[in-house]
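All remarks here apply to the structure that follows.
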Amino acid sequence: ELANRMTERVADVVKFMMKQGEMMRANDMLDADMAELIVEEFGHTVKRVSEADVEIGLEGPDDDEGDLVGRPPVVTIMGHVDHGKTSLLDAMRSTDVVSGEAGGITQHIGAYQVTLESGDKITFLDTPGHAAFSAMRARGADITDIVIIVVAADDGVMPQTIEAISHAKAAGVPIIIAVNKIDKPEADANKVLTELLQYDIQVEAMGGEVQAIEVSAKEKMGLDNLTEAITLQAEILELQANPDRDADGVVVESQLDKGRGPVATVLVKRGTLKRGDIVVAGSQWGKVRALVNERGQQLKEAGPTVPAEILGLDGAPDPGDPFVVVDNEQRAREITEYRIRMKKQARGAGPTAKASLEQMLSRLQSGAGETSEAPLVVKGDVQGSVEAITQAVEKMSTEEVRARVIYGAVGGISESDVLLAQSSGAPIIAFNTRANKQARELAEREGVEIRYYSVIYDLIDDVRDTLSGMLAPEK
Ligand code: GDP
């Protein structure tokens, strides 16, 4: 690459290195001092830039006022378990006037967009409503313009309702209350609204500014009122974006698909993403081979807040990762290599001997008084679960023990995972994924424990039990 930049022949550079007594091949890594020496020797000017400069200018220039046009709002639905988040997300799809004619089977890709009769569009983030996913939701709120908090009218304000309110408030995102299940005889919408006052949510009926809409996701009642409330709130927010520029945005979901390879659902914030664009997403990059919507249809392009799966990345980025279109592959490579280096440095795993959950935890007891770190390696089937496990496990940290996921990734367990786990004294937590034969044998040989799970609650319970068991006072 250095030879390339100097427009010199690679062989000449390698030959020069040999003369210096350095045996190197064309793709070996050079340190900065050596690179400077070479550049000067070949008669070029050296300009040293810091590593962090790699990302400079990545976001591109700010938009001119005049280029901004209205864009659809991005909505996240939150609320207590069983209050009807999933049902409401499903029901809202029925407000779409184009899906019928377009056909196709709707799939969960992490987000979907509806077009209302009025022509207005709304984008819904379709994240799982599990408690362990709250961290992801909090992250999702970064791209969320409006939060709908579902409260079941027969159950009232519950712990996760309060959690959702604090997430939305922390993110400074306006809230719309959907009082759900009003079809039930025991429904008491007024009770819900009164309870909300305690959490500083003053709805319009109570003299406040928060819109509250009564709905039944099951009977598809009140949905038009809800979409109206959303478009009204969106108008107040004056949401705008410039569609005529290179796209950037956020990854909302990703997975390794057996047939299609790495697939990431992205939401464009500004600009228009096109097939053939070169994209950097987190520490992955690729040329967009195809853009696919939630109905499995191929798109030529995706403008602001249009959810689309992109195919063609070299790996699965993390949900919440930003993505950006860059000028060329060279630039994409440079940025992702830099990001991977930074990640590796941050990881910095220390050496220890055996790695099982019990051993890891018992080692921690020795460090009386101070906080000990409990390292874990997490592998899962999709980024969403890896993320959720990481958050949930790290949340279980106590004053004495801090669980830390030193590495979390999508895919089967490989030998290199086992090696990383072994060198850090970390057990491997496998969620809906398996180890290949070589990895299994290596783990057995090296005493690295691999624990398999298919239910996230089991996993969390297990870690918690082991943790509390190990920490119980000795008799
Ligand atoms: P989530 O956990 O918040 O995603 O809740 P779900 O959407 O899974 O709904 C939980 C339960 O409530 C399911 O059995 C639904 O059928 C039921 N449910 C959801 N919305 C309504 C509604 O409007 N009316 C009635 N009667 N039941 C509902």
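Identifiers in this document derive from the order of the structure tokens: chains are assigned A, B, ..., residues are numbered from 1 separately in each chain, and ligands are numbered from 1 in order of occurrence.
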
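Those protein and nucleic acid residues that have any atom within 8 Å of ligand 1 are, using only C-alpha atoms and all ligand atoms, Met78, Gly79, His80, Val81, Asp82, His83, Gly84, Lys85, Thr86, Ser87, Leu88, Leu89, Pro128, Gly129, His130, Val150, Ala152, Asn180, Lys181, Ile182, Asp183, Lys184, Val215, Ser216, Ala217, Lys218, Glu219, Lys220 and Met221 of chain A.
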
Keeping only N, CA, C and O atoms, write the selected residues to a file as an mmCIF file, in the first residue's frame.
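File written: selection-v2.cif
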data_model
loop_
_atom_site.group_PDB
_atom_site.id
_atom_site.type_symbol
_atom_site.label_atom_id
_atom_site.label_comp_id
_atom_site.auth_asym_id
_atom_site.auth_seq_id
_atom_site.Cartn_x
_atom_site.Cartn_y
_atom_site.Cartn_z
ATOM 1 N N MET A 78 -42.397 1.172 22.890
ATOM 2 C CA MET A 78 -41.882 0.575 24.115
ATOM 3 C C MET A 78 -43.027 0.340 25.081
ATOM 4 O O MET A 78 -44.136 0.838 24.887
ATOM 5 N N GLY A 79 -42.732 -0.359 26.172
ATOM 6 C CA GLY A 79 -43.758 -0.576 27.173
ATOM 7 C C GLY A 79 -43.511 -1.858 27.936
ATOM 8 O O GLY A 79 -42.582 -2.611 27.626
ATOM 9 N N HIS A 80 -44.341 -2.110 28.910
ATOM 10 C CA HIS A 80 -44.197 -3.284 29.762
ATOM 11 C C HIS A 80 -44.511 -4.560 28.981
ATOM 12 O O HIS A 80 -45.292 -4.535 28.028
ATOM 13 N N VAL A 81 -43.895 -5.658 29.399
ATOM 14 C CA VAL A 81 -44.118 -6.937 28.739
ATOM 15 C C VAL A 81 -45.617 -7.288 28.785
ATOM 16 O O VAL A 81 -46.282 -7.018 29.783
ATOM 17 N N ASP A 82 -46.101 -7.809 27.675
ATOM 18 C CA ASP A 82 -47.513 -8.236 27.536
ATOM 19 C C ASP A 82 -48.514 -7.084 27.429
ATOM 20 O O ASP A 82 -49.719 -7.328 27.426
ATOM 21 N N HIS A 83 -48.037 -5.870 27.363
ATOM 22 C CA HIS A 83 -48.988 -4.762 27.222
ATOM 23 C C HIS A 83 -49.395 -4.546 25.765
ATOM 24 O O HIS A 83 -50.291 -3.764 25.482
ATOM 25 N N GLY A 84 -48.700 -5.242 24.844
ATOM 26 C CA GLY A 84 -49.161 -5.246 23.456
ATOM 27 C C GLY A 84 -48.239 -4.564 22.460
ATOM 28 O O GLY A 84 -48.700 -4.130 21.400
ATOM 29 N N LYS A 85 -46.936 -4.490 22.751
ATOM 30 C CA LYS A 85 -45.991 -3.870 21.808
ATOM 31 C C LYS A 85 -45.988 -4.593 20.463
ATOM 32 O O LYS A 85 -46.144 -3.974 19.411
ATOM 33 N N THR A 86 -45.821 -5.918 20.541
ATOM 34 C CA THR A 86 -45.753 -6.704 19.306
ATOM 35 C C THR A 86 -47.075 -6.626 18.553
ATOM 36 O O THR A 86 -47.089 -6.438 17.333
ATOM 37 N N SER A 87 -48.169 -6.754 19.301
ATOM 38 C CA SER A 87 -49.496 -6.700 18.665
ATOM 39 C C SER A 87 -49.698 -5.350 17.992
ATOM 40 O O SER A 87 -50.242 -5.269 16.887
ATOM 41 N N LEU A 88 -49.258 -4.287 18.646
ATOM 42 C CA LEU A 88 -49.459 -2.955 18.082
ATOM 43 C C LEU A 88 -48.576 -2.755 16.839
ATOM 44 O O LEU A 88 -49.025 -2.197 15.844
ATOM 45 N N LEU A 89 -47.340 -3.262 16.908
ATOM 46 C CA LEU A 89 -46.454 -3.183 15.738
ATOM 47 C C LEU A 89 -47.078 -3.910 14.546
ATOM 48 O O LEU A 89 -47.021 -3.429 13.411
ATOM 49 N N PRO A 128 -37.194 -6.171 19.539
ATOM 50 C CA PRO A 128 -37.894 -7.060 20.464
ATOM 51 C C PRO A 128 -38.188 -6.357 21.791
ATOM 52 O O PRO A 128 -37.408 -5.546 22.252
ATOM 53 N N GLY A 129 -39.291 -6.713 22.419
ATOM 54 C CA GLY A 129 -39.717 -6.023 23.620
ATOM 55 C C GLY A 129 -39.308 -6.717 24.904
ATOM 56 O O GLY A 129 -40.006 -6.667 25.894
ATOM 57 N N HIS A 130 -38.196 -7.357 24.890
ATOM 58 C CA HIS A 130 -37.708 -8.118 26.024
ATOM 59 C C HIS A 130 -36.963 -7.189 26.981
ATOM 60 O O HIS A 130 -36.294 -6.268 26.562
ATOM 61 N N VAL A 150 -46.701 1.971 25.189
ATOM 62 C CA VAL A 150 -47.948 1.208 25.284
ATOM 63 C C VAL A 150 -48.223 0.894 26.745
ATOM 64 O O VAL A 150 -47.353 0.386 27.444
ATOM 65 N N ALA A 152 -51.214 -1.110 28.946
ATOM 66 C CA ALA A 152 -52.455 -1.874 28.884
ATOM 67 C C ALA A 152 -53.460 -1.284 29.867
ATOM 68 O O ALA A 152 -53.153 -1.081 31.037
ATOM 69 N N ASN A 180 -53.658 0.756 25.506
ATOM 70 C CA ASN A 180 -54.051 -0.415 24.712
ATOM 71 C C ASN A 180 -55.066 -1.300 25.455
ATOM 72 O O ASN A 180 -55.279 -1.125 26.639
ATOM 73 N N LYS A 181 -55.633 -2.200 24.718
ATOM 74 C CA LYS A 181 -56.584 -3.204 25.213
ATOM 75 C C LYS A 181 -57.883 -2.576 25.733
ATOM 76 O O LYS A 181 -58.476 -3.068 26.693
ATOM 77 N N ILE A 182 -58.293 -1.462 25.079
ATOM 78 C CA ILE A 182 -59.526 -0.836 25.550
ATOM 79 C C ILE A 182 -60.762 -1.668 25.194
ATOM 80 O O ILE A 182 -61.868 -1.349 25.622
ATOM 81 N N ASP A 183 -60.567 -2.742 24.428
ATOM 82 C CA ASP A 183 -61.692 -3.643 24.119
ATOM 83 C C ASP A 183 -62.063 -4.475 25.345
ATOM 84 O O ASP A 183 -63.155 -5.021 25.436
ATOM 85 N N LYS A 184 -61.150 -4.562 26.288
ATOM 86 C CA LYS A 184 -61.421 -5.409 27.464
ATOM 87 C C LYS A 184 -62.427 -4.745 28.408
ATOM 88 O O LYS A 184 -62.336 -3.539 28.647
ATOM 89 N N VAL A 215 -56.388 2.692 22.158
ATOM 90 C CA VAL A 215 -56.372 1.758 21.029
ATOM 91 C C VAL A 215 -56.681 0.329 21.488
ATOM 92 O O VAL A 215 -56.611 0.018 22.673
ATOM 93 N N SER A 216 -56.994 -0.484 20.514
ATOM 94 C CA SER A 216 -57.004 -1.922 20.743
ATOM 95 C C SER A 216 -56.237 -2.542 19.585
ATOM 96 O O SER A 216 -56.687 -2.511 18.448
ATOM 97 N N ALA A 217 -55.068 -3.045 19.906
ATOM 98 C CA ALA A 217 -54.245 -3.664 18.862
ATOM 99 C C ALA A 217 -54.954 -4.903 18.331
ATOM 100 O O ALA A 217 -54.882 -5.217 17.152
ATOM 101 N N LYS A 218 -55.657 -5.564 19.244
ATOM 102 C CA LYS A 218 -56.314 -6.809 18.867
ATOM 103 C C LYS A 218 -57.484 -6.553 17.927
ATOM 104 O O LYS A 218 -57.641 -7.236 16.915
ATOM 105 N N GLU A 219 -58.306 -5.569 18.264
ATOM 106 C CA GLU A 219 -59.491 -5.281 17.448
ATOM 107 C C GLU A 219 -59.216 -4.224 16.388
ATOM 108 O O GLU A 219 -60.125 -3.773 15.699
ATOM 109 N N LYS A 220 -57.958 -3.785 16.281
ATOM 110 C CA LYS A 220 -57.554 -2.741 15.338
ATOM 111 C C LYS A 220 -58.435 -1.493 15.485
ATOM 112 O O LYS A 220 -58.894 -0.897 14.508
ATOM 113 N N MET A 221 -58.626 -1.088 16.738
ATOM 114 C CA MET A 221 -59.407 0.117 17.021
ATOM 115 C C MET A 221 -58.472 1.268 17.368
ATOM 116 O O MET A 221 -57.465 1.068 18.051
#

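The environment of A:Glu65 within 12 Å, counting only C-alpha atoms and disregarding residues fewer than 5 places along the same chain, consists of Gly70, Gln240, Ala241 and Asn242 of chain A.
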
What is the distance, in Å and to one decimal place, between atom CA of A:Val210 and atom CA of A:Val268? 27.9 Å

Would you give me, as a ChimeraX atom specification, the residues in stretch 239-433 of chain A that DSSP reads as strand (DSSP E or B)? /A:240-241,246,248-257,261-270,272-274,278-281,284-292,298-299,301-302,307-313,322-326,355,372-380,382,401-410,413,428-431

Got time to write the residues from that selection, C-alpha atoms, as a PDB file, in the first residue's frame?
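Listing of part_38.pdb after writing:
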ATOM      1  CA  GLN A 240     -35.912  17.287   7.614  1.00  0.00           C
ATOM      2  CA  ALA A 241     -33.076  15.719   5.651  1.00  0.00           C
ATOM      3  CA  ASP A 246     -24.039  10.311  -0.123  1.00  0.00           C
ATOM      4  CA  ASP A 248     -25.208   7.913   6.144  1.00  0.00           C
ATOM      5  CA  GLY A 249     -27.295   6.388   8.892  1.00  0.00           C
ATOM      6  CA  VAL A 250     -27.493   3.612  11.441  1.00  0.00           C
ATOM      7  CA  VAL A 251     -27.489  -0.196  11.473  1.00  0.00           C
ATOM      8  CA  VAL A 252     -30.640  -1.405  13.225  1.00  0.00           C
ATOM      9  CA  GLU A 253     -30.206  -5.165  12.875  1.00  0.00           C
ATOM     10  CA  SER A 254     -27.737  -7.596  11.379  1.00  0.00           C
ATOM     11  CA  GLN A 255     -27.252 -11.303  10.899  1.00  0.00           C
ATOM     12  CA  LEU A 256     -25.236 -13.892   9.083  1.00  0.00           C
ATOM     13  CA  ASP A 257     -27.637 -15.436   6.617  1.00  0.00           C
ATOM     14  CA  GLY A 261     -24.033 -13.897   3.799  1.00  0.00           C
ATOM     15  CA  PRO A 262     -23.843 -10.912   6.130  1.00  0.00           C
ATOM     16  CA  VAL A 263     -27.078  -8.923   6.009  1.00  0.00           C
ATOM     17  CA  ALA A 264     -27.567  -5.604   7.778  1.00  0.00           C
ATOM     18  CA  THR A 265     -30.755  -3.597   8.030  1.00  0.00           C
ATOM     19  CA  VAL A 266     -29.956   0.078   7.865  1.00  0.00           C
ATOM     20  CA  LEU A 267     -31.930   3.231   8.266  1.00  0.00           C
ATOM     21  CA  VAL A 268     -30.701   6.147   6.175  1.00  0.00           C
ATOM     22  CA  LYS A 269     -30.538   9.423   8.109  1.00  0.00           C
ATOM     23  CA  ARG A 270     -29.449  11.701   5.288  1.00  0.00           C
ATOM     24  CA  THR A 272     -29.829   8.316  -0.585  1.00  0.00           C
ATOM     25  CA  LEU A 273     -28.220   4.905  -0.454  1.00  0.00           C
ATOM     26  CA  LYS A 274     -27.829   3.248  -3.840  1.00  0.00           C
ATOM     27  CA  ILE A 278     -19.299   1.479  -1.078  1.00  0.00           C
ATOM     28  CA  VAL A 279     -20.333   1.444   2.546  1.00  0.00           C
ATOM     29  CA  VAL A 280     -18.497   1.364   5.857  1.00  0.00           C
ATOM     30  CA  ALA A 281     -20.634   0.065   8.734  1.00  0.00           C
ATOM     31  CA  GLN A 284     -17.238  -3.867   8.275  1.00  0.00           C
ATOM     32  CA  TRP A 285     -17.321  -2.632   4.726  1.00  0.00           C
ATOM     33  CA  GLY A 286     -18.577  -3.704   1.352  1.00  0.00           C
ATOM     34  CA  LYS A 287     -20.082  -2.745  -1.947  1.00  0.00           C
ATOM     35  CA  VAL A 288     -23.876  -2.729  -1.733  1.00  0.00           C
ATOM     36  CA  ARG A 289     -24.798  -5.698  -3.905  1.00  0.00           C
ATOM     37  CA  ALA A 290     -28.513  -5.431  -3.240  1.00  0.00           C
ATOM     38  CA  LEU A 291     -31.014  -3.394  -1.260  1.00  0.00           C
ATOM     39  CA  VAL A 292     -34.069  -5.303  -0.071  1.00  0.00           C
ATOM     40  CA  GLN A 298     -35.286  -5.296  -4.453  1.00  0.00           C
ATOM     41  CA  LEU A 299     -34.818  -1.541  -4.212  1.00  0.00           C
ATOM     42  CA  GLU A 301     -32.148   3.124  -3.676  1.00  0.00           C
ATOM     43  CA  ALA A 302     -33.230   4.031  -0.162  1.00  0.00           C
ATOM     44  CA  PRO A 307     -35.474   0.761   6.055  1.00  0.00           C
ATOM     45  CA  ALA A 308     -33.508  -1.586   3.825  1.00  0.00           C
ATOM     46  CA  GLU A 309     -31.402  -4.683   4.150  1.00  0.00           C
ATOM     47  CA  ILE A 310     -28.026  -4.338   2.516  1.00  0.00           C
ATOM     48  CA  LEU A 311     -26.180  -7.306   1.075  1.00  0.00           C
ATOM     49  CA  GLY A 312     -22.509  -7.266   0.219  1.00  0.00           C
ATOM     50  CA  LEU A 313     -20.794  -6.429   3.511  1.00  0.00           C
ATOM     51  CA  PRO A 322     -23.204   4.098  12.167  1.00  0.00           C
ATOM     52  CA  PHE A 323     -22.814   3.485   8.438  1.00  0.00           C
ATOM     53  CA  VAL A 324     -21.551   5.868   5.802  1.00  0.00           C
ATOM     54  CA  VAL A 325     -20.942   5.800   2.058  1.00  0.00           C
ATOM     55  CA  VAL A 326     -17.318   6.415   1.085  1.00  0.00           C
ATOM     56  CA  ALA A 355     -11.431 -21.166  31.944  1.00  0.00           C
ATOM     57  CA  SER A 372     -12.616  -8.151  40.182  1.00  0.00           C
ATOM     58  CA  GLU A 373     -13.343  -8.606  36.517  1.00  0.00           C
ATOM     59  CA  ALA A 374     -15.044 -11.739  35.292  1.00  0.00           C
ATOM     60  CA  PRO A 375     -14.216 -12.146  31.604  1.00  0.00           C
ATOM     61  CA  LEU A 376     -16.633 -13.869  29.223  1.00  0.00           C
ATOM     62  CA  VAL A 377     -16.644 -14.662  25.527  1.00  0.00           C
ATOM     63  CA  VAL A 378     -20.100 -14.548  23.951  1.00  0.00           C
ATOM     64  CA  LYS A 379     -21.061 -16.047  20.587  1.00  0.00           C
ATOM     65  CA  GLY A 380     -24.600 -15.867  19.248  1.00  0.00           C
ATOM     66  CA  VAL A 382     -27.584 -12.770  15.563  1.00  0.00           C
ATOM     67  CA  VAL A 401     -17.510  -8.758  40.718  1.00  0.00           C
ATOM     68  CA  ARG A 402     -17.825  -7.098  37.368  1.00  0.00           C
ATOM     69  CA  ALA A 403     -18.723  -9.409  34.496  1.00  0.00           C
ATOM     70  CA  ARG A 404     -17.086  -8.200  31.315  1.00  0.00           C
ATOM     71  CA  VAL A 405     -17.651  -9.528  27.819  1.00  0.00           C
ATOM     72  CA  ILE A 406     -14.168  -9.306  26.324  1.00  0.00           C
ATOM     73  CA  TYR A 407     -15.413 -10.488  22.969  1.00  0.00           C
ATOM     74  CA  GLY A 408     -18.883 -10.888  21.526  1.00  0.00           C
ATOM     75  CA  ALA A 409     -19.625 -11.874  17.945  1.00  0.00           C
ATOM     76  CA  VAL A 410     -21.994 -13.634  15.592  1.00  0.00           C
ATOM     77  CA  ILE A 413     -17.369 -21.081  17.764  1.00  0.00           C
ATOM     78  CA  ILE A 428     -17.534 -19.194  26.277  1.00  0.00           C
ATOM     79  CA  ILE A 429     -21.264 -18.531  26.332  1.00  0.00           C
ATOM     80  CA  ALA A 430     -22.894 -19.898  23.187  1.00  0.00           C
ATOM     81  CA  PHE A 431     -26.379 -18.716  22.306  1.00  0.00           C
TER      82      PHE A 431
END

So, with only C-alpha atoms as the atoms that count, which of A:Ile460, A:Val393, A:Ala205, A:Leu68 lies closest to A:Pro304?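 Checking each of A:Ile460, A:Val393, A:Ala205, A:Leu68 against A:Pro304, counting only C-alpha atoms, the winner is A:Leu68.
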
To test your reading of the structure, identify every residue in stretch 138-196 of chain A that backbone DSSP assigns to helix (DSSP H, G or I), and report it as a PyMOL selection string. chain A and resi 138-140+159-171+189-196
